[in-house]
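Asks: Just so it is clear, I am handing over data.cif, which has mmCIF, C-alpha atoms and all ligand atoms.
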```
data_run
loop_
_atom_site.label_atom_id
_atom_site.label_comp_id
_atom_site.auth_asym_id
_atom_site.auth_seq_id
_atom_site.Cartn_x
_atom_site.Cartn_y
_atom_site.Cartn_z
CA MET A 1 62.39 0.33 27.29
CA ALA A 2 62.04 0.56 23.47
CA ARG A 3 58.49 0.17 22.23
CA SER A 4 57.18 -0.62 18.77
CA ALA A 5 53.75 -0.11 17.22
CA LYS A 6 51.49 -3.11 17.78
CA LEU A 7 47.95 -4.20 17.06
CA PHE A 8 45.54 -5.11 19.86
CA VAL A 9 42.10 -6.62 19.51
CA VAL A 10 39.67 -6.35 22.41
CA SER A 11 36.52 -8.48 22.24
CA GLY A 12 33.84 -9.78 24.58
CA PRO A 13 30.07 -9.84 24.92
CA SER A 14 28.05 -6.64 24.75
CA GLY A 15 27.94 -4.88 28.13
CA VAL A 16 31.03 -6.61 29.56
CA GLY A 17 32.91 -3.30 29.78
CA LYS A 18 35.14 -3.24 26.66
CA GLY A 19 34.44 0.40 25.87
CA THR A 20 34.95 1.45 29.49
CA LEU A 21 38.27 -0.41 29.78
CA VAL A 22 39.63 0.76 26.42
CA SER A 23 38.73 4.36 27.20
CA LEU A 24 40.49 4.16 30.61
CA LEU A 25 43.49 2.49 29.00
CA ARG A 26 43.72 5.28 26.42
CA ASP A 27 43.60 7.91 29.19
CA LYS A 28 46.76 6.28 30.55
CA ARG A 29 48.36 5.60 27.16
CA PRO A 30 47.39 8.58 24.98
CA ASN A 31 49.53 7.32 22.10
CA LEU A 32 47.34 4.23 21.72
CA GLY A 33 45.15 4.81 18.65
CA LEU A 34 41.55 3.65 18.44
CA THR A 35 40.02 3.04 15.03
CA VAL A 36 36.57 4.33 14.17
CA SER A 37 34.56 1.40 12.79
CA ALA A 38 31.77 1.54 10.23
CA THR A 39 28.33 0.20 11.06
CA THR A 40 24.82 -0.05 9.63
CA ARG A 41 23.19 0.27 13.07
CA SER A 42 21.52 3.57 13.98
CA PRO A 43 23.34 6.04 16.21
CA ARG A 44 22.43 6.06 19.91
CA PRO A 45 21.57 9.46 21.38
CA GLY A 46 24.81 11.43 21.64
CA GLU A 47 26.79 9.28 19.20
CA VAL A 48 28.44 11.46 16.57
CA ASP A 49 29.10 10.22 13.03
CA GLY A 50 32.84 9.83 12.44
CA VAL A 51 33.55 9.73 16.19
CA ALA A 52 31.61 6.77 17.65
CA TYR A 53 31.27 5.09 14.25
CA TYR A 54 30.90 5.91 10.60
CA PHE A 55 27.16 5.31 10.33
CA LEU A 56 26.48 3.91 6.86
CA SER A 57 23.38 2.77 5.01
CA ASP A 58 23.23 -0.92 4.02
CA GLU A 59 23.97 0.12 0.41
CA GLU A 60 26.99 2.24 1.31
CA PHE A 61 28.39 -0.49 3.57
CA LYS A 62 28.04 -3.08 0.80
CA LYS A 63 29.67 -0.73 -1.69
CA ARG A 64 32.68 -0.43 0.59
CA VAL A 65 32.82 -4.20 1.13
CA ASP A 66 32.81 -4.71 -2.65
CA ALA A 67 35.54 -2.10 -3.05
CA GLY A 68 37.75 -4.08 -0.62
CA GLU A 69 37.91 -1.22 1.88
CA PHE A 70 37.53 -3.39 5.00
CA LEU A 71 40.28 -5.18 6.93
CA GLU A 72 37.45 -7.25 8.40
CA TRP A 73 33.70 -7.01 8.72
CA ALA A 74 30.94 -9.13 10.25
CA HIS A 75 27.23 -9.39 11.00
CA VAL A 76 26.89 -8.63 14.71
CA HIS A 77 23.57 -8.50 16.62
CA GLY A 78 21.65 -8.02 13.36
CA HIS A 79 23.80 -5.26 11.83
CA CYS A 80 27.04 -4.99 9.84
CA TYR A 81 30.19 -3.71 11.53
CA GLY A 82 33.64 -3.40 10.00
CA THR A 83 37.15 -2.00 10.38
CA LEU A 84 38.28 0.15 7.47
CA LYS A 85 41.83 -0.55 6.29
CA SER A 86 42.37 3.22 5.99
CA GLU A 87 41.77 3.64 9.75
CA VAL A 88 44.41 1.07 10.72
CA ASP A 89 46.94 2.22 8.09
CA ARG A 90 46.63 5.87 9.19
CA LEU A 91 47.57 5.02 12.79
CA ILE A 92 50.23 2.41 12.06
CA SER A 93 51.99 4.66 9.56
CA ALA A 94 52.10 7.34 12.27
CA GLY A 95 53.94 4.79 14.45
CA GLN A 96 51.01 4.36 16.84
CA SER A 97 49.84 1.11 18.35
CA VAL A 98 46.22 0.41 17.53
CA VAL A 99 43.37 -1.09 19.48
CA LEU A 100 40.41 -2.60 17.65
CA GLU A 101 37.31 -3.02 19.79
CA ILE A 102 35.55 -5.56 17.61
CA ASP A 103 33.56 -8.78 17.82
CA VAL A 104 35.05 -12.29 17.92
CA GLN A 105 34.51 -13.07 14.22
CA GLY A 106 36.34 -9.88 13.29
CA GLY A 107 39.07 -10.53 15.85
CA LEU A 108 39.89 -13.91 14.35
CA MET A 109 39.92 -12.45 10.83
CA VAL A 110 42.38 -9.78 11.92
CA HIS A 111 44.56 -12.45 13.52
CA LYS A 112 44.85 -14.27 10.17
CA GLN A 113 46.19 -11.10 8.56
CA TYR A 114 48.28 -9.98 11.54
CA PRO A 115 49.41 -13.21 13.29
CA ASN A 116 51.38 -11.19 15.84
CA ALA A 117 48.36 -9.17 16.93
CA ILE A 118 47.41 -9.71 20.57
CA LEU A 119 43.81 -10.81 21.07
CA VAL A 120 42.32 -9.90 24.45
CA PHE A 121 38.98 -11.36 25.48
CA ILE A 122 37.07 -9.59 28.25
CA LYS A 123 34.85 -11.93 30.30
CA PRO A 124 32.07 -10.95 32.70
CA PRO A 125 32.24 -12.26 36.30
CA SER A 126 28.83 -13.92 35.68
CA PHE A 127 25.98 -13.91 33.18
CA GLU A 128 23.74 -12.17 35.77
CA GLU A 129 26.25 -9.35 36.14
CA LEU A 130 26.52 -9.03 32.34
CA GLU A 131 22.74 -8.66 32.11
CA GLN A 132 22.73 -6.04 34.88
CA ARG A 133 25.45 -4.01 33.15
CA LEU A 134 23.74 -4.15 29.78
CA ARG A 135 20.41 -3.07 31.30
CA GLY A 136 22.10 -0.53 33.58
CA ARG A 137 23.76 1.17 30.59
CA GLY A 138 20.27 2.06 29.39
CA THR A 139 21.20 2.41 25.72
CA GLU A 140 19.25 -0.49 24.19
CA ASP A 141 15.59 -1.43 23.99
CA GLU A 142 14.36 -4.75 25.39
CA LYS A 143 14.50 -6.59 22.06
CA THR A 144 18.10 -5.50 21.45
CA ILE A 145 19.08 -6.46 25.01
CA SER A 146 17.70 -9.99 24.58
CA THR A 147 19.45 -10.41 21.20
CA ARG A 148 22.75 -9.34 22.75
CA LEU A 149 22.31 -11.57 25.80
CA SER A 150 21.42 -14.60 23.72
CA ASN A 151 24.51 -14.02 21.56
CA ALA A 152 26.74 -13.69 24.64
CA SER A 153 27.12 -17.41 25.36
CA ARG A 154 28.13 -18.14 21.75
CA GLU A 155 30.66 -15.32 21.85
CA MET A 156 32.09 -16.72 25.11
CA GLU A 157 32.96 -19.96 23.29
CA TYR A 158 35.61 -18.05 21.34
CA ALA A 159 37.47 -17.01 24.49
CA ASN A 160 39.85 -19.98 24.19
CA ASP A 161 40.95 -18.83 20.72
CA TYR A 162 42.15 -15.55 22.21
CA THR A 163 45.68 -14.87 23.46
CA VAL A 164 44.63 -13.51 26.85
CA CYS A 165 41.39 -13.53 28.87
CA ILE A 166 40.67 -10.90 31.50
CA VAL A 167 37.67 -11.09 33.84
CA ASN A 168 36.19 -7.62 34.26
CA ASP A 169 34.97 -8.00 37.83
CA ASN A 170 36.66 -5.15 39.67
CA LEU A 171 37.27 -2.40 37.12
CA GLU A 172 40.62 -1.25 38.55
CA THR A 173 41.99 -4.79 38.65
CA ALA A 174 40.87 -5.52 35.09
CA LEU A 175 42.40 -2.25 33.89
CA SER A 176 45.75 -3.08 35.57
CA LYS A 177 45.78 -6.45 33.80
CA LEU A 178 45.00 -4.82 30.47
CA GLU A 179 47.81 -2.30 31.00
CA GLU A 180 50.20 -5.13 31.83
CA VAL A 181 49.30 -7.03 28.63
CA PHE A 182 49.67 -3.84 26.62
CA ASP A 183 53.05 -2.90 28.11
CA ASP A 184 54.52 -6.43 27.82
CA TYR A 185 53.52 -6.76 24.21
CA GLU A 186 54.50 -3.26 23.13
CA SER A 187 57.98 -3.64 24.57
CA ASP A 188 58.66 -7.17 23.28
CA GLY A 189 60.61 -5.84 20.29
CA GLY A 190 58.82 -8.15 17.81
CA GLN A 191 57.24 -7.12 14.52
CA LEU A 192 53.59 -6.21 14.14
P1 LIG B 1 30.78 -2.84 26.20
O1 LIG B 1 31.61 -1.77 25.55
O2 LIG B 1 31.53 -4.11 26.40
O3 LIG B 1 29.47 -3.07 25.52
P2 LIG B 1 30.53 -0.86 28.33
O4 LIG B 1 31.93 -0.42 28.48
O5 LIG B 1 29.57 0.06 27.64
O6 LIG B 1 30.44 -2.32 27.68
O7 LIG B 1 29.99 -1.18 29.81
C1 LIG B 1 28.64 -1.56 30.04
C2 LIG B 1 28.19 -0.98 31.38
O8 LIG B 1 28.90 -1.65 32.44
C3 LIG B 1 28.50 0.51 31.53
O9 LIG B 1 27.41 1.14 32.16
C4 LIG B 1 29.76 0.54 32.40
O10 LIG B 1 29.83 1.72 33.17
C5 LIG B 1 29.56 -0.70 33.28
N1 LIG B 1 30.82 -1.36 33.73
C6 LIG B 1 31.95 -1.57 33.02
N2 LIG B 1 32.86 -2.23 33.74
C7 LIG B 1 32.30 -2.44 34.96
C8 LIG B 1 32.76 -3.08 36.17
N3 LIG B 1 33.98 -3.64 36.29
N4 LIG B 1 31.91 -3.13 37.22
C9 LIG B 1 30.67 -2.57 37.11
N5 LIG B 1 30.18 -1.95 36.03
C10 LIG B 1 30.99 -1.89 34.95
P1 LIG B 2 27.76 -1.61 19.73
O1 LIG B 2 26.58 -1.65 18.83
O2 LIG B 2 27.41 -1.93 21.16
O3 LIG B 2 28.60 -0.37 19.59
O4 LIG B 2 28.73 -2.80 19.26
C1 LIG B 2 28.21 -4.11 19.16
C2 LIG B 2 29.29 -5.09 18.85
O5 LIG B 2 29.91 -4.79 17.60
C3 LIG B 2 30.43 -5.15 19.87
O6 LIG B 2 30.70 -6.52 20.13
C4 LIG B 2 31.58 -4.55 19.14
O7 LIG B 2 32.82 -5.04 19.59
C5 LIG B 2 31.29 -4.97 17.72
N1 LIG B 2 32.00 -4.14 16.75
C6 LIG B 2 32.19 -2.80 16.79
N2 LIG B 2 32.92 -2.40 15.74
C7 LIG B 2 33.24 -3.50 15.03
C8 LIG B 2 34.01 -3.74 13.84
O8 LIG B 2 34.57 -2.85 13.22
N3 LIG B 2 34.08 -5.02 13.41
C9 LIG B 2 33.48 -6.05 14.06
N4 LIG B 2 33.65 -7.28 13.57
N5 LIG B 2 32.77 -5.88 15.18
C10 LIG B 2 32.64 -4.62 15.66
#
```
Can I see the file as structure tokens?
Replies:
Amino acid sequence: MARSAKLFVVSGPSGVGKGTLVSLLRDKRPNLGLTVSATTRSPRPGEVDGVAYYFLSDEEFKKRVDAGEFLEWAHVHGHCYGTLKSEVDRLISAGQSVVLEIDVQGGLMVHKQYPNAILVFIKPPSFEELEQRLRGRGTEDEKTISTRLSNASREMEYANDYTVCIVNDNLETALSKLEEVFDDYESDGGQL
């Protein structure tokens, strides 16, 4: 079936499994491009600049905002995060579909500019499970974990504004649903 390049947004509370699902999806669909976002937060151990994120100072981030370099940007969990237009343009012009793993504010901003983008919201099976996953990942200190958990319920309120919601309970099942959404949308023949 003919496929055309499309734009996907994947959002959901911190620790729900967005990164895990997107990485597994990209293993199965190697042509799906992932943008590297910019952020003012510090790198976690093992995160490489230009791979995980472009790690910018507050000043550099602001400079790029003022220069109009971002497709969208937002304050998330006390830091700035944003998608550079250059990242999306590079992939789209190469004919690749693009997935943006970004927060709900950013997702809705992208939707205004790309009304045909598909917005996928990943939900946790329960708040308790979300907390366990976030703690189990072991990448954040206690203060950061509580900020992210207290933001989770507000983020969940945006789920209804999204095109599709997937509950990430069983990982395999959630991945199959994500693949289905991706395949249906990519082969629908419509414009980006
Ligand atoms: P996010 O990118 O949304 O912040 P991650 O992908 O980093 O979340 O996942 C957070 C933690 O939850 C990781 O340790 C990951 O291995 C685990 N995880 C992801 N999906 C599931 C799942 N369906 N069941 C159990 N653990 C999961
Ligand atoms: P983390 O610090 O765990 O990598 O990401 C924290 C949050 O920032 C996640 O909800 C993630 O989706 C969001 N995020 C990452 N990149 C971007 C981006 O470019 N724009 C926006 N708006 N949010 C982002």
Asks: One number please: atom N2 of ligand LIG 2 (chain B) to atom CA of A:Glu101, in Å, one decimal.
Replies: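 Distance reported for this atom pair: 6.0 Å.
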Asks: Given only C-alpha atoms and all ligand atoms as the basis, pick out the residue of A:Leu178, A:Val76, A:Leu149, A:Leu171 nearest to ligand LIG 2 (chain B).
Replies: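 Selected residue with least distance to ligand LIG 2 (chain B): A:Val76.
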Asks: So what do you get for atom CA of A:Leu108 versus atom CA of A:Asp169, distance-wise?
Replies: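 Computing it gives 24.7 Å between the two atoms.
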Asks: List all protein, DNA and RNA residues that have any atom at most 7 Å from ligand LIG 1 (chain B), counting all atoms listed in the file, and write the list as a ChimeraX atom specification.
Replies: /A:12-21,133-134,136-137,168-171
Asks: Identify, counting all atoms listed in the file, the protein, DNA and RNA residues located within 10 Å of ligand LIG 2 (chain B), and give them as a VMD selection string.
Replies: chain A and resid 9 to 16 18 to 19 35 to 44 47 52 to 54 70 to 84 100 to 110 134 139 to 140 144 148 151 to 152 155
Asks: Measuring atom to atom with all atoms listed in the file, identify which of A:Glu142, A:Glu129, A:Asp89, A:Asp66 is nearest to A:Val167.
Replies: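 Looking only at the distances to A:Val167, the closest residue turns out to be A:Glu129.
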Asks: Which residue is closest to A:Ala159? Choose from A:Lys123, A:Arg29, A:Arg3, A:Lys143 and count only C-alpha atoms.
Replies: A:Lys123
